[in-house]
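Undergrad: Sharing run28.txt (compact mmCIF, C-alpha atoms) below.
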# COMPACT_ATOMS: atom_id res chain seq x y z
CA MET Q 234 -238.85 -107.96 -9.45
CA ILE Q 235 -235.44 -106.38 -8.80
CA PHE Q 236 -234.04 -103.83 -11.23
CA MET Q 237 -230.31 -103.87 -11.61
CA SER Q 238 -228.52 -100.56 -11.57
CA ASP Q 239 -226.58 -99.43 -14.60
CA ILE Q 240 -223.94 -96.76 -14.83
CA SER Q 241 -225.38 -93.71 -16.56
CA THR Q 242 -223.12 -90.98 -17.96
CA TYR Q 243 -224.05 -87.32 -18.44
CA GLU Q 244 -221.71 -84.67 -19.87
CA SER Q 245 -221.71 -80.90 -20.07
CA ARG Q 246 -220.60 -78.83 -22.98
CA THR Q 247 -217.03 -77.53 -22.84
CA GLY Q 248 -216.98 -74.18 -21.07
CA LYS Q 249 -214.36 -71.45 -20.81
CA VAL Q 250 -213.56 -69.98 -17.40
CA ASN Q 251 -211.65 -66.85 -16.48
CA CYS Q 252 -208.80 -68.48 -14.54
CA THR Q 253 -205.76 -70.67 -15.01
CA SER Q 254 -205.95 -74.42 -14.54
CA GLU Q 255 -203.87 -73.97 -11.37
CA GLU Q 256 -206.39 -71.50 -9.88
CA LEU Q 257 -209.28 -73.78 -10.84
CA TYR Q 258 -207.53 -76.78 -9.28
CA TYR Q 259 -207.05 -75.00 -5.95
CA PHE Q 260 -210.65 -73.80 -5.99
CA LEU Q 261 -211.99 -77.32 -6.64
CA THR Q 262 -209.79 -79.07 -4.07
CA ASP Q 263 -211.32 -77.16 -1.15
CA ILE Q 264 -215.05 -77.89 -1.03
CA ARG Q 265 -215.62 -74.89 1.25
CA ASN Q 266 -215.16 -72.69 -1.85
CA PHE Q 267 -218.50 -73.99 -3.17
CA GLU Q 268 -220.47 -72.52 -0.28
CA ARG Q 269 -221.00 -69.26 -2.21
CA PHE Q 270 -222.95 -71.21 -4.87
CA ILE Q 271 -225.34 -73.04 -2.52
CA PRO Q 272 -228.83 -71.52 -2.48
CA LYS Q 273 -229.85 -71.58 1.18
CA ASP Q 274 -233.54 -71.84 0.27
CA LYS Q 275 -233.03 -75.18 -1.52
CA PHE Q 276 -230.56 -76.89 0.84
CA SER Q 277 -230.56 -77.42 4.59
CA ASP Q 278 -228.34 -78.92 7.27
CA ILE Q 279 -225.20 -77.98 5.31
CA LYS Q 280 -221.91 -79.26 6.76
CA MET Q 281 -218.58 -78.58 5.02
CA ASP Q 282 -214.92 -79.13 5.54
CA LYS Q 283 -211.99 -78.98 3.12
CA ASP Q 284 -212.54 -82.47 1.64
CA SER Q 285 -216.25 -83.21 2.08
CA CYS Q 286 -219.74 -81.86 2.54
CA SER Q 287 -223.23 -83.07 3.31
CA PHE Q 288 -226.61 -81.41 2.99
CA ASN Q 289 -230.30 -82.17 2.74
CA VAL Q 290 -232.20 -81.53 -0.47
CA SER Q 291 -235.96 -81.43 -0.63
CA MET Q 292 -237.33 -84.61 -2.28
CA MET Q 293 -233.90 -86.32 -2.23
CA GLY Q 294 -232.88 -86.36 1.40
CA LYS Q 295 -229.27 -86.37 2.50
CA VAL Q 296 -226.48 -85.99 -0.04
CA ASN Q 297 -222.85 -86.71 0.85
CA ILE Q 298 -219.95 -85.55 -1.35
CA ARG Q 299 -216.21 -85.93 -0.91
CA ILE Q 300 -213.15 -85.25 -3.02
CA GLY Q 301 -211.91 -88.48 -4.55
CA ASP Q 302 -209.18 -88.50 -7.15
CA ARG Q 303 -207.23 -85.44 -8.17
CA LYS Q 304 -204.71 -84.89 -10.92
CA GLU Q 305 -202.90 -81.64 -10.32
CA TYR Q 306 -204.06 -78.88 -12.68
CA ASN Q 307 -206.12 -81.27 -14.89
CA GLU Q 308 -208.87 -83.16 -13.08
CA VAL Q 309 -210.79 -83.42 -9.82
CA VAL Q 310 -213.30 -86.19 -9.11
CA PHE Q 311 -215.99 -85.80 -6.47
CA SER Q 312 -217.68 -88.96 -5.19
CA GLY Q 313 -220.96 -89.09 -3.41
CA ASN Q 314 -224.23 -90.74 -2.65
CA ALA Q 315 -227.80 -89.60 -2.44
CA MET Q 316 -231.01 -91.16 -1.19
CA GLN Q 317 -228.75 -93.50 0.81
CA VAL Q 318 -228.49 -95.87 -2.16
CA ASN Q 319 -227.28 -94.13 -5.29
CA ASP Q 320 -223.57 -93.67 -5.84
CA PHE Q 321 -222.40 -90.99 -8.23
CA SER Q 322 -219.30 -89.11 -9.24
CA LEU Q 323 -218.80 -85.65 -10.69
CA THR Q 324 -215.61 -85.29 -12.73
CA VAL Q 325 -214.24 -81.88 -13.62
CA LYS Q 326 -211.64 -81.99 -16.40
CA PHE Q 327 -209.81 -78.80 -17.30
CA SER Q 328 -206.77 -77.41 -19.06
CA ASP Q 329 -205.26 -74.04 -19.90
CA ALA Q 330 -206.79 -72.69 -23.11
CA GLU Q 331 -204.87 -69.42 -23.27
CA PRO Q 332 -203.21 -67.16 -20.71
CA SER Q 333 -205.55 -66.75 -17.72
CA HIS Q 334 -208.37 -68.88 -19.20
CA SER Q 335 -209.15 -72.58 -18.96
CA GLU Q 336 -211.46 -74.96 -20.74
CA VAL Q 337 -213.57 -77.12 -18.46
CA LYS Q 338 -215.92 -80.05 -18.98
CA LEU Q 339 -218.11 -81.75 -16.38
CA SER Q 340 -219.37 -85.29 -16.33
CA VAL Q 341 -221.59 -87.21 -13.93
CA LEU Q 342 -221.53 -90.98 -13.59
CA ALA Q 343 -224.47 -92.31 -11.60
CA GLN Q 344 -225.57 -95.77 -10.63
CA LEU Q 345 -229.24 -95.73 -11.58
CA ASN Q 346 -231.81 -98.30 -12.52
CA PRO Q 347 -233.54 -97.67 -15.88
CA PHE Q 348 -236.56 -95.98 -14.28
CA LEU Q 349 -234.44 -93.58 -12.18
CA ASN Q 350 -232.25 -92.90 -15.20
CA MET Q 351 -235.31 -91.81 -17.16
CA LEU Q 352 -236.40 -89.50 -14.31
CA ALA Q 353 -232.92 -88.15 -13.59
CA ALA Q 354 -231.63 -87.40 -17.10
CA GLU Q 355 -233.30 -84.01 -17.53
CA PRO Q 356 -232.51 -82.63 -14.02
CA ILE Q 357 -228.89 -83.82 -14.20
CA ASN Q 358 -228.36 -82.31 -17.65
CA LYS Q 359 -229.94 -79.05 -16.44
CA PHE Q 360 -227.68 -79.10 -13.36
CA LEU Q 361 -224.57 -79.55 -15.54
CA GLU Q 362 -225.59 -76.70 -17.87
CA THR Q 363 -226.30 -74.42 -14.90
CA LEU Q 364 -223.00 -75.32 -13.25
CA ILE Q 365 -220.90 -74.73 -16.37
CA THR Q 366 -222.71 -71.43 -17.03
CA GLU Q 367 -222.13 -70.26 -13.44
CA MET Q 368 -218.46 -71.23 -13.67
CA GLU Q 369 -218.13 -69.17 -16.86
CA LYS Q 370 -219.72 -66.13 -15.16
CA PHE Q 371 -217.77 -66.45 -11.91
CA ASP Q 372 -214.98 -63.91 -11.49
CA GLY Q 373 -213.70 -64.62 -7.97
CA TRP Q 374 -211.21 -67.38 -8.72
CA LYS Q 375 -208.37 -65.45 -7.09
CA GLU Q 376 -210.33 -64.87 -3.85
CA ILE Q 377 -210.59 -68.53 -2.93
CA ARG Q 378 -210.00 -70.35 0.28
CA ARG Q 379 -206.59 -71.97 0.18
CA ASP Q 380 -204.96 -73.58 3.19
CA SER Q 381 -201.29 -72.84 3.66
CA GLY Q 382 -200.62 -76.60 3.74
CA THR Q 383 -202.05 -77.08 0.25
CA PRO Q 384 -199.37 -78.24 -2.19
Can I see the file as structure tokens?

TA:
Amino acid sequence: MIFMSDISTYESRTGKVNCTSEELYYFLTDIRNFERFIPKDKFSDIKMDKDSCSFNVSMMGKVNIRIGDRKEYNEVVFSGNAMQVNDFSLTVKFSDAEPSHSEVKLSVLAQLNPFLNMLAAEPINKFLETLITEMEKFDGWKEIRRDSGTP
């Protein structure tokens, strides 16, 4: 019996970060900025460039992520695949909330069969909560990598 994959959606709460939407946009559009958040004890074989990264995760295997769509100062979409079969996207939507602060919301769309969806829901929701919490605590938005050729 073959199980068809469905698109599953997971969303974070809306968080508030200590930077402008412009600073957040430039941070998100250079994947190398995320290296500071990668726990070396949980990931291996990490390869990064400005637009993509790949790494191995215990129990999942190789994960590939690349920057997909971007809407200047409002949204960045990361596309990827894991376990060589599952496609997913992570969308970061954000806007200025007040001077020097932005509101941000994360969502994951994943192509999962019903069984994988049941197994993945809790870890994905925990990942989104951890990510939004870490973004709220982060205070180095101004010390980001930014190529001179970036618009």

Undergrad: For CA of Asp329 (chain Q) and CA of Glu376 (chain Q), determine how far apart the two atoms are, in Å to one decimal place.

TA: 19.2 Å

Undergrad: Give me, as a list in words, all polymer residues having an atom no more than 12 Å from Ala353 (chain Q), counting all atoms listed in the file and skipping those fewer than 2 positions away in the same chain.

TA: Ser241, Thr242, Tyr243, Met293, Asn319, Val341, Leu342, Ala343, Gln344, Leu345, Asn346, Pro347, Phe348, Leu349, Asn350, Met351, Glu355, Pro356, Ile357, Asn358, Lys359 and Phe360 of chain Q

Undergrad: For Trp374 (chain Q), work out the shell of residues within 10 Å, counting all atoms listed in the file and skipping chain neighbours fewer than 2 positions away, then give it as JSON, numbers by chain.

TA: {"Q": [250, 251, 252, 253, 256, 257, 259, 260, 266, 368, 371, 372, 376, 377, 378]}

Undergrad: If we count only C-alpha atoms, what is near Lys280 (chain Q) at a cut-off of 12 Å, once residues fewer than 5 positions away on the same chain are taken out, given as a PyMOL selection string?

TA: chain Q and resi 264-265+267-268+271+285-289+295-299

Undergrad: Which residues are near Phe311 (chain Q)? Cut-off 9 Å, all atoms listed in the file, ignore same chain within fewer than 2 positions. Put them as an MDAnalysis selection string.

TA: chainID Q and resid 285 298:303 309 313 321:325

Undergrad: Quick one: distance from CA of Leu339 (chain Q) to CA of Val310 (chain Q) in Å, one decimal?

TA: 9.8 Å

Undergrad: From the options Q:Ser254, Q:Thr247, Q:Asn314, Q:Ser328, which residue's atoms come nearest to Lys375 (chain Q), counting only C-alpha atoms?

TA: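 The shortest atom-to-atom distance to Lys375 (chain Q) comes from Q:Ser254.
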
Undergrad: What does the distance between CA of Asn307 (chain Q) and CA of Leu361 (chain Q) come to in Å, to one decimal place?

TA: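 Between these atoms lies a distance of 18.5 Å.
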
Undergrad: Quick one: of Q:Ile240, Q:Ala315, Q:Glu336, Q:Phe270, who's nearest to Val290 (chain Q), counting only C-alpha atoms?

TA: Q:Ala315
